[in-house]
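Read the structure below first, then the notes.
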There are 2 protein chains.
Amino acid sequence: MADITIKDVAARAGVSAATASRVLSGNPATSPQARENVAAAVIELDYRPNAQARALRSTHSDSIGLLVPDVRNPFFADLAHTVEQEALSAGYVTLLGNANEQKEQQDRYLDTLISRRVDGIIVAPLGDGSGSIHSLIERQIPTVFVDRAVDGIDVPSVTTDSEVGIRQTVEHLASLGHTRIGYISGPQATSTGRDRFAAFTSTVAAAGLSQDPDLVYFGDFQAASGSAGLHALLGLNDPPTALLAADSLMAVGAIAILHKLGLRIGTDLALVAFDDIEWFALLNPALSVISHSVEDMGRIAVDLLLEVVAGKTPQSVVLPSELVIRASSSLPILPASSRRKN
Amino acid sequence: MADITIKDVAARAGVSAATASRVLSGNPATSPQARENVAAAVIELDYRPNAQARALRSTHSDSIGLLVPDVRNPFFADLAHTVEQEALSAGYVTLLGNANEQKEQQDRYLDTLISRRVDGIIVAPLGDGSGSIHSLIERQIPTVFVDRAVDGIDVPSVTTDSEVGIRQTVEHLASLGHTRIGYISGPQATSTGRDRFAAFTSTVAAAGLSQDPDLVYFGDFQAASGSAGLHALLGLNDPPTALLAADSLMAVGAIAILHKLGLRIGTDLALVAFDDIEWFALLNPALSVISHSVEDMGRIAVDLLLEVVAGKTPQSVVLPSELVIRASSSLPILPASSRRKN
DNA sequence: CGATTCCATGGAATCGATTCCACGACCACA
DNA sequence: TGTGGTCGTGGAATCGATTCCATGGAATCG
């Protein structure tokens, strides 16, 4: 790798490295002659500045880190896409990391991002504020939480008000005659897992529906736990007639098992999923979902981060959620006798 | 940001920066006493080495770049996931970039990755070998192509032999009685777009089926073009009775339109998609697909890249593809009279 | 016991770009 | 003609970590 440095450019342009640097950074204290020569030399040599050296001296790297819990979750893939595009248009490169819903990997990635001196970090955090999240705050690295937050850590965030969508869902299902609604919950180590679970229990209570604790299965936001949850719920003596899954991947896992068992969504079991994934509408019957805007979330997260980088302390933003009713939850409940048994 | 440097660590440990550096890098020429003191100081100060400075001096950054055409494509999301995990276990961080199927963004990202001096780049390229792809080769930056390749650029690659899967598909559809198979092609600016199209035309000819050029629609691997393609094909005077989509996103776009038109997959139109996406099996009817292993592809790509980084010149790898028959393409063709018209 | 090897260690150079500081050239005004 | 100001420029210091090289003390051998 015969690297071309600014000295090569300077030599070719017949100026010093200092002047070449000034031209490159648009410093006005340069002569037209020097500008012209340097510009020509840059093109002739196909010069690319060494970002490492530049960042070392100038304390900023024009890059941000984005840490998501799972790139394979379409919600986070979309989020990564919008964040990346938004950041790019603001002149930042996005380094994407994948925590795999594991605190250990999250910490490992955060350490890496810290040591690479990114200008800021957007993270959908998991766990409490211990470990690397704590270092982040202590070092005052500009940070924004997205989708999730961490109790006791005072950092601007963009989250979804899950409560509205979940209340609409529970009331909707109740109006169809359902009294036993199953819930596949996210992990309680995440704020979304906790918030959605709390919203579910309180709205179920408010609607006077069954609060049987067996109706709740605790998953981990990944597909396999949705499958396990469905098995557990259908195995109950008195199984639920409707099901709410706290994220799309667990819904996918549940649907896979329903298919395998030959049960029909919407008929044998009403189903609603949190997160609106494009192809959920293509299922037959189409899936009812609790929708929230991933585009808004990604865009606002970048905006907030840029404000923090600029030294401001912006307010956190809470986005709305709403129920989108489709065929998977539109039929009134069938009498128990006509339902198939597990 | 009160950054803690190796000098602070050295001072606290009562040794020089040189010795501290040696301890950190595991250099055996250090006394147990020094090792102990430095280790203690590192923990007390929560020291993180500055990756920039380290990379500047030592010419490697322990990071690789991965450039995919579209993170929202589940195939590439899965690929990103496997590459990232495989690279992490080899001690590398993955910087993910998203080209949005646009050459301009691809070049922009490649420039960024080059200037950040990543140790190597895995890219699913688009376009010809001009622009930044060319710089990559000229600067001898370790590079591996994944999924796609570029004609005339001699770089190790991991690709799929699309031909087998497509031939199986065409023969399968022919055996069900289909003679007019529609094809929604990928862009001819990509090697996969070209290869699959070539495989389709040659196997259709070999099977003695219709070679009507109107049966081919050229999309761009994104969902909207799948929708447009379906519209175009159904609008023909003599529309196809079966359809092959060259990637999953275009298949999704097509399915969305079929839903809207009230047409049934597998009955009104046989459908097969390239790329096996988990939830394609959950559609009703389940979607037939041409399957190839994204895990193998990601793993091998990283292996190849590490070999290139180590100075070797590994052979390119071609992975197999195969047809997986599901309900969307299992019924014999209906007589034309009983088919609904667009 | 003197000479040689070994080894931990610190000083200093280095990576590439940026930026402070000082210098010289030039113009303008008194 | 002399003084003050502006402006383009180059030399040198700097960022933080690594590594070459020299040094001095301890260990080993004849």
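Letters A, B, ... go to the chains of the structure tokens in the order shown; residues in each chain start at 1; ligands are counted from 1 in the same order.
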
Query raised in the report: For chain B, which residues have at least one atom within 8 Å of chain A, if we go by only C-alpha atoms? Write them as a PyMOL selection string, please.
Result: chain B and resi 1-3+48-53+55-56+71-72+74+77-78+80-81+84+93-98+111-112+114-117+139-141+252+255-256+259+279+282-284

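Chain copies chain B and chain A align, over all their C-alpha atoms in order, to a least-squares RMSD of 0.1 Å.
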
So that I can check the surroundings of stretch 22-25 of chain D, please list as a JSON list (two decimals) with N, CA and C atoms (P, O5', C5', C4', C3', O3' and C1' of nucleotides), in the first residue's frame every protein, DNA and RNA residue that reaches within 10 Å of it, counting only C-alpha atoms (C1' of nucleotides) and ignoring chain neighbours fewer than 4 positions away.
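Ended up saving to out_3.json:
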```json
[["chain", "number", "residue", "atom", "x", "y", "z"],
["C", 7, "DC", "P", 16.64, -13.19, 27.92],
["C", 7, "DC", "O5'", 16.07, -11.96, 28.74],
["C", 7, "DC", "C5'", 16.43, -11.80, 30.13],
["C", 7, "DC", "C4'", 16.05, -10.42, 30.59],
["C", 7, "DC", "C3'", 14.83, -9.82, 29.88],
["C", 7, "DC", "O3'", 13.98, -9.25, 30.85],
["C", 7, "DC", "C1'", 16.62, -8.30, 29.79],
["C", 8, "DA", "P", 12.39, -9.24, 30.59],
["C", 8, "DA", "O5'", 12.00, -7.91, 31.37],
["C", 8, "DA", "C5'", 12.47, -7.73, 32.70],
["C", 8, "DA", "C4'", 12.78, -6.27, 32.94],
["C", 8, "DA", "C3'", 11.65, -5.31, 32.59],
["C", 8, "DA", "O3'", 11.47, -4.41, 33.68],
["C", 8, "DA", "C1'", 13.66, -4.64, 31.52],
["C", 9, "DT", "P", 10.29, -3.39, 33.68],
["C", 9, "DT", "O5'", 10.97, -2.12, 33.03],
["C", 9, "DT", "C5'", 12.05, -1.47, 33.70],
["C", 9, "DT", "C4'", 12.65, -0.41, 32.83],
["C", 9, "DT", "C3'", 11.65, 0.59, 32.25],
["C", 9, "DT", "O3'", 11.66, 1.75, 33.04],
["C", 9, "DT", "C1'", 13.43, 0.02, 30.73],
["C", 10, "DG", "P", 10.58, 2.88, 32.83],
["C", 10, "DG", "O5'", 11.41, 3.96, 32.01],
["C", 10, "DG", "C5'", 12.67, 4.40, 32.51],
["C", 10, "DG", "C4'", 13.38, 5.24, 31.49],
["C", 10, "DG", "C3'", 12.54, 6.38, 30.90],
["C", 10, "DG", "O3'", 13.38, 7.51, 30.75],
["C", 10, "DG", "C1'", 13.25, 4.97, 29.15],
["C", 11, "DG", "P", 12.82, 8.91, 30.37],
["C", 11, "DG", "O5'", 13.53, 9.19, 28.97],
["C", 11, "DG", "C5'", 14.94, 9.06, 28.87],
["C", 11, "DG", "C4'", 15.38, 9.22, 27.43],
["C", 11, "DG", "C3'", 14.72, 10.39, 26.69],
["C", 11, "DG", "O3'", 15.71, 11.03, 25.89],
["C", 11, "DG", "C1'", 14.25, 8.36, 25.55]]
```

Within 10 Å of chain B, which residues of chain D come that close, and what is the closest atom pair and distance in Å for each? Count only C-alpha atoms (C1' of nucleotides) and give it as JSON lines.
```
{"residue": "D:DC15", "atom": "C1'", "partner": "B:Ala53", "partner_atom": "CA", "distance": 8.0}
{"residue": "D:DG16", "atom": "C1'", "partner": "B:Ala53", "partner_atom": "CA", "distance": 5.1}
{"residue": "D:DA17", "atom": "C1'", "partner": "B:Arg54", "partner_atom": "CA", "distance": 5.0}
{"residue": "D:DT18", "atom": "C1'", "partner": "B:Arg57", "partner_atom": "CA", "distance": 6.1}
{"residue": "D:DT19", "atom": "C1'", "partner": "B:Ala18", "partner_atom": "CA", "distance": 8.5}
```

Keeping only all heavy atoms, take the residues you just selected and write them out as a JSON list (two decimals), in the first residue's frame.
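File produced: again.json:
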```
[["chain", "number", "residue", "atom", "x", "y", "z"],
["D", 15, "DC", "P", -0.36, 17.72, 22.78],
["D", 15, "DC", "OP1", -1.08, 18.45, 23.83],
["D", 15, "DC", "OP2", 0.90, 17.01, 23.10],
["D", 15, "DC", "O5'", -1.35, 16.66, 22.14],
["D", 15, "DC", "C5'", -2.58, 17.06, 21.55],
["D", 15, "DC", "C4'", -3.09, 15.95, 20.66],
["D", 15, "DC", "O4'", -2.34, 15.96, 19.43],
["D", 15, "DC", "C3'", -2.87, 14.56, 21.25],
["D", 15, "DC", "O3'", -4.05, 14.13, 21.90],
["D", 15, "DC", "C2'", -2.54, 13.68, 20.05],
["D", 15, "DC", "C1'", -2.29, 14.66, 18.91],
["D", 15, "DC", "N1", -0.97, 14.50, 18.23],
["D", 15, "DC", "C2", -0.90, 14.44, 16.84],
["D", 15, "DC", "O2", -1.96, 14.50, 16.20],
["D", 15, "DC", "N3", 0.31, 14.31, 16.23],
["D", 15, "DC", "C4", 1.42, 14.24, 16.97],
["D", 15, "DC", "N4", 2.57, 14.12, 16.33],
["D", 15, "DC", "C5", 1.36, 14.31, 18.39],
["D", 15, "DC", "C6", 0.16, 14.43, 18.97],
["D", 16, "DG", "P", -3.89, 13.46, 23.36],
["D", 16, "DG", "OP1", -5.22, 13.44, 23.97],
["D", 16, "DG", "OP2", -2.75, 14.08, 24.05],
["D", 16, "DG", "O5'", -3.48, 11.97, 22.99],
["D", 16, "DG", "C5'", -4.42, 11.14, 22.36],
["D", 16, "DG", "C4'", -3.76, 9.84, 21.97],
["D", 16, "DG", "O4'", -2.70, 10.11, 21.02],
["D", 16, "DG", "C3'", -3.12, 9.07, 23.12],
["D", 16, "DG", "O3'", -3.59, 7.75, 23.04],
["D", 16, "DG", "C2'", -1.62, 9.17, 22.85],
["D", 16, "DG", "C1'", -1.58, 9.32, 21.34],
["D", 16, "DG", "N9", -0.41, 10.03, 20.82],
["D", 16, "DG", "C8", 0.24, 11.09, 21.39],
["D", 16, "DG", "N7", 1.23, 11.53, 20.67],
["D", 16, "DG", "C5", 1.23, 10.72, 19.54],
["D", 16, "DG", "C6", 2.08, 10.73, 18.41],
["D", 16, "DG", "O6", 3.02, 11.48, 18.16],
["D", 16, "DG", "N1", 1.72, 9.74, 17.49],
["D", 16, "DG", "C2", 0.69, 8.85, 17.65],
["D", 16, "DG", "N2", 0.49, 7.98, 16.68],
["D", 16, "DG", "N3", -0.12, 8.84, 18.72],
["D", 16, "DG", "C4", 0.21, 9.80, 19.62],
["D", 17, "DA", "P", -3.18, 6.65, 24.10],
["D", 17, "DA", "OP1", -4.39, 5.91, 24.44],
["D", 17, "DA", "OP2", -2.35, 7.26, 25.16],
["D", 17, "DA", "O5'", -2.26, 5.70, 23.23],
["D", 17, "DA", "C5'", -2.85, 5.05, 22.11],
["D", 17, "DA", "C4'", -1.78, 4.50, 21.20],
["D", 17, "DA", "O4'", -0.90, 5.57, 20.82],
["D", 17, "DA", "C3'", -0.91, 3.41, 21.82],
["D", 17, "DA", "O3'", -1.02, 2.26, 21.00],
["D", 17, "DA", "C2'", 0.50, 3.99, 21.80],
["D", 17, "DA", "C1'", 0.42, 5.08, 20.73],
["D", 17, "DA", "N9", 1.31, 6.20, 20.95],
["D", 17, "DA", "C8", 1.35, 7.04, 22.02],
["D", 17, "DA", "N7", 2.25, 7.99, 21.93],
["D", 17, "DA", "C5", 2.86, 7.75, 20.71],
["D", 17, "DA", "C6", 3.90, 8.40, 20.02],
["D", 17, "DA", "N6", 4.55, 9.49, 20.50],
["D", 17, "DA", "N1", 4.26, 7.92, 18.82],
["D", 17, "DA", "C2", 3.61, 6.85, 18.35],
["D", 17, "DA", "N3", 2.62, 6.15, 18.89],
["D", 17, "DA", "C4", 2.28, 6.66, 20.09],
["D", 18, "DT", "P", -0.30, 0.88, 21.39],
["D", 18, "DT", "OP1", -1.18, -0.19, 20.89],
["D", 18, "DT", "OP2", 0.12, 0.91, 22.79],
["D", 18, "DT", "O5'", 0.99, 0.92, 20.46],
["D", 18, "DT", "C5'", 0.82, 1.02, 19.06],
["D", 18, "DT", "C4'", 2.16, 1.15, 18.38],
["D", 18, "DT", "O4'", 2.80, 2.38, 18.77],
["D", 18, "DT", "C3'", 3.18, 0.04, 18.69],
["D", 18, "DT", "O3'", 3.67, -0.41, 17.44],
["D", 18, "DT", "C2'", 4.23, 0.73, 19.53],
["D", 18, "DT", "C1'", 4.17, 2.14, 18.98],
["D", 18, "DT", "N1", 4.64, 3.25, 19.86],
["D", 18, "DT", "C2", 5.59, 4.12, 19.37],
["D", 18, "DT", "O2", 6.09, 4.01, 18.26],
["D", 18, "DT", "N3", 5.95, 5.14, 20.23],
["D", 18, "DT", "C4", 5.44, 5.36, 21.50],
["D", 18, "DT", "O4", 5.84, 6.31, 22.17],
["D", 18, "DT", "C5", 4.46, 4.42, 21.95],
["D", 18, "DT", "C7", 3.85, 4.58, 23.30],
["D", 18, "DT", "C6", 4.10, 3.41, 21.11],
["D", 19, "DT", "P", 4.45, -1.81, 17.33],
["D", 19, "DT", "OP1", 4.08, -2.42, 16.05],
["D", 19, "DT", "OP2", 4.28, -2.55, 18.59],
["D", 19, "DT", "O5'", 5.97, -1.33, 17.22],
["D", 19, "DT", "C5'", 6.32, -0.45, 16.19],
["D", 19, "DT", "C4'", 7.76, 0.01, 16.37],
["D", 19, "DT", "O4'", 7.83, 1.07, 17.35],
["D", 19, "DT", "C3'", 8.71, -1.09, 16.85],
["D", 19, "DT", "O3'", 9.95, -0.91, 16.19],
["D", 19, "DT", "C2'", 8.86, -0.78, 18.33],
["D", 19, "DT", "C1'", 8.85, 0.75, 18.27],
["D", 19, "DT", "N1", 8.55, 1.45, 19.53],
["D", 19, "DT", "C2", 9.09, 2.70, 19.73],
["D", 19, "DT", "O2", 9.81, 3.25, 18.92],
["D", 19, "DT", "N3", 8.75, 3.29, 20.92],
["D", 19, "DT", "C4", 7.94, 2.75, 21.93],
["D", 19, "DT", "O4", 7.71, 3.38, 22.95],
["D", 19, "DT", "C5", 7.40, 1.45, 21.65],
["D", 19, "DT", "C7", 6.53, 0.78, 22.66],
["D", 19, "DT", "C6", 7.74, 0.86, 20.48]]
```

Requested in this report: Mind checking which residues fall within 6 Å of stretch 174-191 of chain B, counting only C-alpha atoms (C1' of nucleotides), ignoring those fewer than 6 positions away in the same chain, and posting them as a PyMOL selection string?
Outcome: chain B and resi 126-127+148-149+209-210+215-221+240+242-246+332-333

Chain C residues near chain A (10 Å cut-off, only C-alpha atoms (C1' of nucleotides)) as a tab-separated table (two decimals) with N, CA and C atoms (P, O5', C5', C4', C3', O3' and C1' of nucleotides), in the first residue's frame:
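So the final result, stored in selection-v9.tsv, reads:
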```tsv
chain	number	residue	atom	x	y	z
C	15	DC	P	7.64	8.14	9.34
C	15	DC	O5'	6.07	7.88	9.41
C	15	DC	C5'	5.54	6.56	9.58
C	15	DC	C4'	4.11	6.67	10.03
C	15	DC	C3'	3.32	7.78	9.33
C	15	DC	O3'	2.61	7.22	8.24
C	15	DC	C1'	2.91	7.72	11.71
C	16	DG	P	2.66	7.98	6.85
C	16	DG	O5'	1.59	9.13	7.07
C	16	DG	C5'	0.22	8.78	7.17
C	16	DG	C4'	-0.59	10.00	7.52
C	16	DG	C3'	-0.46	11.17	6.56
C	16	DG	O3'	-1.77	11.59	6.23
C	16	DG	C1'	-0.09	11.92	8.75
C	17	DA	P	-2.07	12.72	5.19
C	17	DA	O5'	-2.63	13.85	6.15
C	17	DA	C5'	-3.83	13.58	6.86
C	17	DA	C4'	-4.02	14.59	7.96
C	17	DA	C3'	-4.22	16.03	7.50
C	17	DA	O3'	-5.46	16.48	8.00
C	17	DA	C1'	-2.59	15.90	9.24
C	18	DT	P	-6.01	17.91	7.66
C	18	DT	O5'	-5.62	18.75	8.96
C	18	DT	C5'	-6.12	18.32	10.22
C	18	DT	C4'	-5.55	19.17	11.33
C	18	DT	C3'	-5.79	20.68	11.18
C	18	DT	O3'	-6.31	21.12	12.42
C	18	DT	C1'	-3.52	20.25	11.65
C	19	DT	P	-7.06	22.52	12.54
C	19	DT	O5'	-5.95	23.42	13.24
C	19	DT	C5'	-5.39	22.97	14.47
C	19	DT	C4'	-4.25	23.88	14.87
C	19	DT	C3'	-4.45	25.35	14.54
C	19	DT	O3'	-3.89	26.11	15.61
C	19	DT	C1'	-2.45	24.63	13.61
```

Query - Nearby residues (only C-alpha atoms (C1' of nucleotides)) at most 8 Å from stretch 3-13 of chain D, same-chain spacing under 3 positions excluded, as a VMD selection string - result: chain A and resid 16 18 to 19 29 to 31

May I have the selected residues written with all heavy atoms, as a PDB file, in the first residue's frame?
```pdb
ATOM      1  N   SER A  16       4.290  23.928   0.870  1.00  0.00           N
ATOM      2  CA  SER A  16       4.559  23.154   2.084  1.00  0.00           C
ATOM      3  C   SER A  16       3.319  22.356   2.487  1.00  0.00           C
ATOM      4  O   SER A  16       2.211  22.622   2.014  1.00  0.00           O
ATOM      5  CB  SER A  16       4.928  24.100   3.225  1.00  0.00           C
ATOM      6  OG  SER A  16       3.774  24.787   3.641  1.00  0.00           O
ATOM      7  N   ALA A  18       1.870  22.517   5.206  1.00  0.00           N
ATOM      8  CA  ALA A  18       0.939  23.408   5.907  1.00  0.00           C
ATOM      9  C   ALA A  18      -0.010  24.082   4.924  1.00  0.00           C
ATOM     10  O   ALA A  18      -1.227  24.121   5.133  1.00  0.00           O
ATOM     11  CB  ALA A  18       1.727  24.454   6.690  1.00  0.00           C
ATOM     12  N   THR A  19       0.552  24.591   3.853  1.00  0.00           N
ATOM     13  CA  THR A  19      -0.289  25.253   2.857  1.00  0.00           C
ATOM     14  C   THR A  19      -1.252  24.262   2.206  1.00  0.00           C
ATOM     15  O   THR A  19      -2.441  24.556   2.014  1.00  0.00           O
ATOM     16  CB  THR A  19       0.601  25.902   1.782  1.00  0.00           C
ATOM     17  OG1 THR A  19       1.435  26.869   2.413  1.00  0.00           O
ATOM     18  CG2 THR A  19      -0.244  26.579   0.724  1.00  0.00           C
ATOM     19  N   ALA A  29      -6.906  31.795   3.923  1.00  0.00           N
ATOM     20  CA  ALA A  29      -5.572  32.374   3.819  1.00  0.00           C
ATOM     21  C   ALA A  29      -4.696  31.581   2.861  1.00  0.00           C
ATOM     22  O   ALA A  29      -3.649  31.040   3.237  1.00  0.00           O
ATOM     23  CB  ALA A  29      -4.935  32.448   5.210  1.00  0.00           C
ATOM     24  N   THR A  30      -5.139  31.492   1.617  1.00  0.00           N
ATOM     25  CA  THR A  30      -4.355  30.774   0.604  1.00  0.00           C
ATOM     26  C   THR A  30      -4.459  31.533  -0.710  1.00  0.00           C
ATOM     27  O   THR A  30      -5.487  32.136  -0.997  1.00  0.00           O
ATOM     28  CB  THR A  30      -4.900  29.351   0.385  1.00  0.00           C
ATOM     29  OG1 THR A  30      -6.315  29.431   0.190  1.00  0.00           O
ATOM     30  CG2 THR A  30      -4.621  28.453   1.546  1.00  0.00           C
ATOM     31  N   SER A  31      -3.410  31.488  -1.460  1.00  0.00           N
ATOM     32  CA  SER A  31      -3.428  32.197  -2.747  1.00  0.00           C
ATOM     33  C   SER A  31      -4.138  31.354  -3.800  1.00  0.00           C
ATOM     34  O   SER A  31      -4.135  30.129  -3.722  1.00  0.00           O
ATOM     35  CB  SER A  31      -2.003  32.480  -3.206  1.00  0.00           C
ATOM     36  OG  SER A  31      -1.345  31.257  -3.489  1.00  0.00           O
TER      37      SER A  31
END
```

Requested in this report: Identify, with DSSP run on backbone atoms, the residues in stretch 141-297 of chain A assigned to helix (DSSP H, G or I), and express the list as a PyMOL selection string.
Outcome: chain A and resi 162-175+191-206+213-215+223-234+248-261+278-282+294-297

Report task. Write out as a PyMOL selection string the residues lying within 10 Å of B:Pro314, counting only C-alpha atoms (C1' of nucleotides) and excluding same-chain residues fewer than 6 positions away. Result -> chain B and resi 155-157+303-308

Query raised in the report: Interatomic distance between atom CA of A:Asp147 and atom CA of A:Ser316?
Result: 11.4 Å
